[in-house]
Amino acid sequence: MEGWQRAFVLHGRPYSETSLMLDLFTEGQGRVRILAKGARGRRSNLKGCLQPFTPLLVRWSGRGEVKTLRNAEPVSLALPLSGLMLYSGLYVNELVARVLEQETNYSSLFFDYLNCLQNLAGATGSPEQSLRQFELALLHNLGYGVDFLHCAGSGEEVSDTMTYRYREEKGFIASLVVDNLSFTGRDLKALANREFPDVATLRAAKRFTRMALKPYLGGKPLKSRELFRQFLVKKPATTPETPAE
């Protein structure tokens with residue numbers, strides 16, 4: 001590959017005695033698997049920068065499934081994520097690594113991802129708003145199309161106080177049944193706008209994104225959720241409801 005690309009490390013693991021195998025999220029080619037030869041060596045200047053949440057400029061070469069890293073430079077210091085925000089960031093990274101096809105351009109999603117990390121780094125309260133917005137952006141980029149503003153049965157605009165039941169591959173249909181597949185019209189308008197003004201709309205958004213992402217994630221559990229549960233055990237009294245729980 002010629003030229004530099006903006007990128008973030010999604011995940012890295014040791015490979016041989018001195019190298020790293022990296023999953024990167026890049027601006028131009030989406031998810032790319034790259035071997036960073038010698039990156040763990042004593043004299044490597046890459047040790048500190050090939051970490052999640054550090055904005056990078058990278059170059060690589062190779063035509064196979066695994067590329068070879070040629071250069072990497074940090075654009076800035078790592079985004080400051082800690083505690084709940086760190087686990088939220090790990091959750092976002094795992095989503096991207098699990099559901100995006102390799103070497104497919106997701107340039108608009110790359111900036112949604114960057115915006116999500118920046119919001120998490122600057123957040124002082126709950127990460128829920130930022131995470132729900134990113135999940136919806138991810139679904140949109142995966143081609144998951146759903147009309148939140150019209151009833152699939154009648155075509156009429158949704159009403160704030162009416163209840164609608166979600167049906168896969170069809171959309172939202174007016175219903176008197178209230179369960180995990182049902183949402184108010186107010187919930188649906190919040191989903192359409194990707195803005196959640198209160199706890200009720202945030203919870204509705206979480207229910208919807210969980211349902212919508214499940215087919216992409218399959219039956220394999222998310223490691224970030226398990227890590228977060230361990231974090232909750234250590235700090236049960238001070239940690240709010242989690243996005244990854």
# chains A, B, ... in the order shown; residues from 1 in each chain; ligands from 1

$ closest_atom_pairs --of "range 65-152 of chain A" --to "range 225-228 of chain A" --cutoff "10 Å" --atoms "only C-alpha atoms" --output "JSON lines"
{"residue": "A:Gly83", "atom": "CA", "partner": "A:Phe228", "partner_atom": "CA", "distance": 9.5}
{"residue": "A:Leu84", "atom": "CA", "partner": "A:Phe228", "partner_atom": "CA", "distance": 8.2}
{"residue": "A:Leu86", "atom": "CA", "partner": "A:Phe228", "partner_atom": "CA", "distance": 9.6}
{"residue": "A:Tyr87", "atom": "CA", "partner": "A:Phe228", "partner_atom": "CA", "distance": 6.2}
{"residue": "A:Ser88", "atom": "CA", "partner": "A:Phe228", "partner_atom": "CA", "distance": 8.6}
{"residue": "A:Leu90", "atom": "CA", "partner": "A:Arg225", "partner_atom": "CA", "distance": 9.1}
{"residue": "A:Tyr91", "atom": "CA", "partner": "A:Arg225", "partner_atom": "CA", "distance": 7.2}
{"residue": "A:Glu94", "atom": "CA", "partner": "A:Arg225", "partner_atom": "CA", "distance": 9.9}

$ write_last_selection --atoms "N, CA and C atoms" --output "mmCIF file, in the first residue's frame"
data_model
loop_
_atom_site.group_PDB
_atom_site.id
_atom_site.type_symbol
_atom_site.label_atom_id
_atom_site.label_comp_id
_atom_site.auth_asym_id
_atom_site.auth_seq_id
_atom_site.Cartn_x
_atom_site.Cartn_y
_atom_site.Cartn_z
ATOM 1 N N GLY A 83 -11.517 3.685 33.827
ATOM 2 C CA GLY A 83 -12.718 3.231 34.508
ATOM 3 C C GLY A 83 -13.810 2.805 33.547
ATOM 4 N N LEU A 84 -15.015 3.292 33.775
ATOM 5 C CA LEU A 84 -16.161 2.947 32.943
ATOM 6 C C LEU A 84 -15.930 3.315 31.485
ATOM 7 N N LEU A 86 -13.100 3.436 29.869
ATOM 8 C CA LEU A 86 -12.154 2.493 29.268
ATOM 9 C C LEU A 86 -12.872 1.224 28.833
ATOM 10 N N TYR A 87 -13.717 0.679 29.689
ATOM 11 C CA TYR A 87 -14.445 -0.539 29.331
ATOM 12 C C TYR A 87 -15.428 -0.282 28.190
ATOM 13 N N SER A 88 -15.984 0.914 28.150
ATOM 14 C CA SER A 88 -16.859 1.283 27.034
ATOM 15 C C SER A 88 -16.075 1.326 25.726
ATOM 16 N N LEU A 90 -13.315 -0.376 25.082
ATOM 17 C CA LEU A 90 -12.997 -1.763 24.733
ATOM 18 C C LEU A 90 -14.191 -2.445 24.076
ATOM 19 N N TYR A 91 -15.387 -2.133 24.563
ATOM 20 C CA TYR A 91 -16.615 -2.666 23.963
ATOM 21 C C TYR A 91 -16.758 -2.200 22.519
ATOM 22 N N GLU A 94 -14.272 -4.008 20.327
ATOM 23 C CA GLU A 94 -14.641 -5.400 20.067
ATOM 24 C C GLU A 94 -15.785 -5.494 19.061
#

$ closest_atom_pairs --of "range 58-101 of chain A" --to "range 42-47 of chain A" --cutoff "10 Å" --atoms "only C-alpha atoms" --output "Markdown table"
| residue | atom | partner | partner_atom | distance |
| --- | --- | --- | --- | --- |
| A:Asn71 | CA | A:Leu46 | CA | 9.1 |
| A:Ala72 | CA | A:Leu46 | CA | 7.3 |
| A:Glu73 | CA | A:Leu46 | CA | 8.0 |
| A:Pro74 | CA | A:Leu46 | CA | 9.1 |

$ write_last_selection --atoms "N, CA and C atoms" --output "short mmCIF file (atom, residue, chain, number, x, y, z; two decimals), in the first residue's frame"
data_model
loop_
_atom_site.label_atom_id
_atom_site.label_comp_id
_atom_site.auth_asym_id
_atom_site.auth_seq_id
_atom_site.Cartn_x
_atom_site.Cartn_y
_atom_site.Cartn_z
N ASN A 71 5.52 1.46 8.52
CA ASN A 71 5.74 2.64 9.38
C ASN A 71 4.50 2.89 10.21
N ALA A 72 4.71 3.45 11.38
CA ALA A 72 3.60 3.89 12.23
C ALA A 72 4.06 5.07 13.07
N GLU A 73 3.24 6.10 13.10
CA GLU A 73 3.56 7.28 13.89
C GLU A 73 2.32 7.73 14.65
N PRO A 74 2.45 8.03 15.93
CA PRO A 74 1.30 8.55 16.67
C PRO A 74 0.98 9.98 16.25
#

$ residues_around --residues "Cys151 in chain A" --least-positions-apart "2" --cutoff "12 Å" --atoms "only C-alpha atoms" --output "PyMOL selection string"
chain A and resi 146-149+153-159+162-167+170-175+183-185+188-189

$ write_last_selection --atoms "N, CA, C and O atoms" --output "short mmCIF file (atom, residue, chain, number, x, y, z; two decimals), in the first residue's frame"
data_model
loop_
_atom_site.label_atom_id
_atom_site.label_comp_id
_atom_site.auth_asym_id
_atom_site.auth_seq_id
_atom_site.Cartn_x
_atom_site.Cartn_y
_atom_site.Cartn_z
N VAL A 146 -33.88 0.34 8.61
CA VAL A 146 -35.18 0.26 9.28
C VAL A 146 -35.77 1.66 9.35
O VAL A 146 -35.05 2.63 9.60
N ASP A 147 -37.06 1.75 9.09
CA ASP A 147 -37.77 3.02 9.16
C ASP A 147 -38.35 3.18 10.56
O ASP A 147 -39.26 2.47 10.94
N PHE A 148 -37.79 4.11 11.31
CA PHE A 148 -38.26 4.33 12.67
C PHE A 148 -39.49 5.23 12.72
O PHE A 148 -40.17 5.28 13.74
N LEU A 149 -39.75 5.97 11.67
CA LEU A 149 -40.74 7.04 11.72
C LEU A 149 -42.09 6.68 11.13
O LEU A 149 -43.02 7.48 11.20
N GLY A 153 -47.03 -1.43 8.98
CA GLY A 153 -48.31 -1.97 8.55
C GLY A 153 -49.13 -0.99 7.74
O GLY A 153 -49.68 -1.32 6.69
N SER A 154 -49.22 0.27 8.20
CA SER A 154 -50.10 1.26 7.57
C SER A 154 -49.35 2.32 6.78
O SER A 154 -49.93 3.00 5.94
N GLY A 155 -48.08 2.51 7.07
CA GLY A 155 -47.31 3.58 6.44
C GLY A 155 -47.50 4.93 7.12
O GLY A 155 -46.88 5.92 6.72
N GLU A 156 -48.36 4.99 8.15
CA GLU A 156 -48.60 6.24 8.85
C GLU A 156 -47.43 6.60 9.75
O GLU A 156 -46.69 5.73 10.22
N GLU A 157 -47.27 7.90 10.02
CA GLU A 157 -46.21 8.33 10.93
C GLU A 157 -46.48 7.80 12.33
O GLU A 157 -47.64 7.71 12.76
N VAL A 158 -45.41 7.48 13.03
CA VAL A 158 -45.58 6.95 14.38
C VAL A 158 -46.07 8.06 15.32
O VAL A 158 -45.74 9.23 15.15
N SER A 159 -46.86 7.65 16.30
CA SER A 159 -47.39 8.57 17.30
C SER A 159 -46.64 8.37 18.61
O SER A 159 -46.34 7.24 19.01
N MET A 162 -48.31 5.90 21.06
CA MET A 162 -48.69 4.58 20.57
C MET A 162 -47.55 3.60 20.78
O MET A 162 -46.38 3.98 20.79
N THR A 163 -47.90 2.34 20.97
CA THR A 163 -46.89 1.29 21.13
C THR A 163 -46.72 0.53 19.81
O THR A 163 -47.70 0.20 19.14
N TYR A 164 -45.46 0.25 19.48
CA TYR A 164 -45.14 -0.47 18.24
C TYR A 164 -44.26 -1.67 18.57
O TYR A 164 -43.37 -1.59 19.42
N ARG A 165 -44.52 -2.75 17.88
CA ARG A 165 -43.76 -3.97 18.09
C ARG A 165 -42.80 -4.18 16.93
O ARG A 165 -43.19 -4.07 15.77
N TYR A 166 -41.56 -4.49 17.26
CA TYR A 166 -40.55 -4.66 16.22
C TYR A 166 -40.59 -6.08 15.66
O TYR A 166 -40.61 -7.05 16.40
N ARG A 167 -40.59 -6.15 14.35
CA ARG A 167 -40.53 -7.44 13.67
C ARG A 167 -39.38 -7.42 12.68
O ARG A 167 -39.29 -6.52 11.83
N LYS A 170 -39.16 -6.44 8.79
CA LYS A 170 -40.39 -5.72 8.45
C LYS A 170 -40.36 -4.30 9.00
O LYS A 170 -40.63 -3.34 8.30
N GLY A 171 -40.05 -4.18 10.28
CA GLY A 171 -40.04 -2.87 10.90
C GLY A 171 -40.94 -2.83 12.12
O GLY A 171 -41.13 -3.84 12.80
N PHE A 172 -41.52 -1.67 12.36
CA PHE A 172 -42.34 -1.46 13.56
C PHE A 172 -43.81 -1.41 13.19
O PHE A 172 -44.23 -0.64 12.31
N ILE A 173 -44.60 -2.24 13.86
CA ILE A 173 -46.02 -2.36 13.59
C ILE A 173 -46.80 -2.02 14.85
O ILE A 173 -46.43 -2.44 15.96
N ALA A 174 -47.86 -1.23 14.72
CA ALA A 174 -48.68 -0.84 15.87
C ALA A 174 -49.20 -2.07 16.59
O ALA A 174 -49.65 -3.04 15.96
N SER A 175 -49.11 -2.06 17.92
CA SER A 175 -49.49 -3.23 18.69
C SER A 175 -49.89 -2.83 20.10
O SER A 175 -49.39 -1.83 20.64
N PHE A 183 -41.92 -0.74 21.42
CA PHE A 183 -41.37 0.59 21.68
C PHE A 183 -42.47 1.61 21.50
O PHE A 183 -43.38 1.41 20.69
N THR A 184 -42.38 2.72 22.22
CA THR A 184 -43.33 3.82 21.98
C THR A 184 -42.88 4.62 20.76
O THR A 184 -41.71 4.56 20.35
N GLY A 185 -43.80 5.38 20.21
CA GLY A 185 -43.44 6.25 19.09
C GLY A 185 -42.37 7.25 19.49
O GLY A 185 -41.51 7.62 18.68
N LEU A 188 -39.07 5.62 19.16
CA LEU A 188 -38.68 5.46 17.77
C LEU A 188 -38.15 6.77 17.18
O LEU A 188 -37.20 6.77 16.40
N LYS A 189 -38.78 7.89 17.56
CA LYS A 189 -38.29 9.18 17.08
C LYS A 189 -36.89 9.47 17.62
O LYS A 189 -36.05 10.04 16.93
#

$ select_by_dssp --residues "range 126-198 of chain A" --states "helix (DSSP H, G or I)" --output "ChimeraX atom specification"
/A:128-141,185-193

$ closest_atom_pairs --of "range 59-147 of chain A" --to "range 213-222 of chain A" --cutoff "9 Å" --atoms "only C-alpha atoms" --output "CSV"
residue,atom,partner,partner_atom,distance
A:Tyr91,CA,A:Leu222,CA,7.9
A:Glu94,CA,A:Leu222,CA,7.3
A:Leu95,CA,A:Leu217,CA,8.1
A:Arg98,CA,A:Leu217,CA,6.7
A:Val99,CA,A:Tyr216,CA,5.9
A:Glu135,CA,A:Leu213,CA,8.3
A:Leu139,CA,A:Leu213,CA,7.4

$ write_last_selection --atoms "N, CA and C atoms" --output "mmCIF file, in the first residue's frame"
data_model
loop_
_atom_site.group_PDB
_atom_site.id
_atom_site.type_symbol
_atom_site.label_atom_id
_atom_site.label_comp_id
_atom_site.auth_asym_id
_atom_site.auth_seq_id
_atom_site.Cartn_x
_atom_site.Cartn_y
_atom_site.Cartn_z
ATOM 1 N N TYR A 91 -15.387 -2.133 24.563
ATOM 2 C CA TYR A 91 -16.615 -2.666 23.963
ATOM 3 C C TYR A 91 -16.758 -2.200 22.519
ATOM 4 N N GLU A 94 -14.272 -4.008 20.327
ATOM 5 C CA GLU A 94 -14.641 -5.400 20.067
ATOM 6 C C GLU A 94 -15.785 -5.494 19.061
ATOM 7 N N LEU A 95 -16.739 -4.577 19.141
ATOM 8 C CA LEU A 95 -17.808 -4.548 18.143
ATOM 9 C C LEU A 95 -17.242 -4.393 16.740
ATOM 10 N N ARG A 98 -15.387 -7.444 15.546
ATOM 11 C CA ARG A 98 -16.224 -8.629 15.339
ATOM 12 C C ARG A 98 -17.122 -8.541 14.113
ATOM 13 N N VAL A 99 -17.628 -7.350 13.805
ATOM 14 C CA VAL A 99 -18.687 -7.300 12.792
ATOM 15 C C VAL A 99 -18.265 -6.746 11.432
ATOM 16 N N GLU A 135 -23.464 2.590 17.991
ATOM 17 C CA GLU A 135 -24.089 1.330 17.574
ATOM 18 C C GLU A 135 -25.038 1.545 16.401
ATOM 19 N N LEU A 139 -24.705 -0.033 12.647
ATOM 20 C CA LEU A 139 -25.773 -0.762 11.967
ATOM 21 C C LEU A 139 -26.081 -0.147 10.613
#

$ residues_around --residues "range 113-122 of chain A" --least-positions-apart "4" --cutoff "6 Å" --atoms "only C-alpha atoms" --output "VMD selection string"
chain A and resid 80 to 81 85 130

$ atom_distance --atom1 "CA of Lys206 in chain A" --atom2 "CA of Glu168 in chain A"
16.4 Å

$ atom_distance --atom1 "CA of Arg63 in chain A" --atom2 "CA of Phe25 in chain A"
17.4 Å

$ residues_around --residues "Glu101 in chain A" --least-positions-apart "6" --cutoff "12 Å" --atoms "only C-alpha atoms" --output "list in words"
Asp23, Phe25, Gln29, Gly30, Arg31, Val32, Arg33, Glu65, Leu95, Asn141, Leu142 and Tyr216 of chain A

$ residues_around --residues "range 14-18 of chain A" --least-positions-apart "5" --cutoff "9 Å" --atoms "only C-alpha atoms" --output "MDAnalysis selection string"
chainID A and resid 35:42

$ closest_residue --among "A:Ser19, A:Trp4, A:Val75, A:Gln102" --to "Val58 in chain A" --atoms "only C-alpha atoms"
A:Trp4

$ atom_distance --atom1 "CA of Leu131 in chain A" --atom2 "CA of Leu79 in chain A"
16.2 Å

$ closest_residue --among "A:Gln133, A:Asp179, A:His150, A:Glu128" --to "Arg203 in chain A" --atoms "only C-alpha atoms"
A:Glu128

$ closest_residue --among "A:Ser126, A:Arg210, A:Thr104, A:Leu20" --to "Leu69 in chain A" --atoms "only C-alpha atoms"
A:Leu20
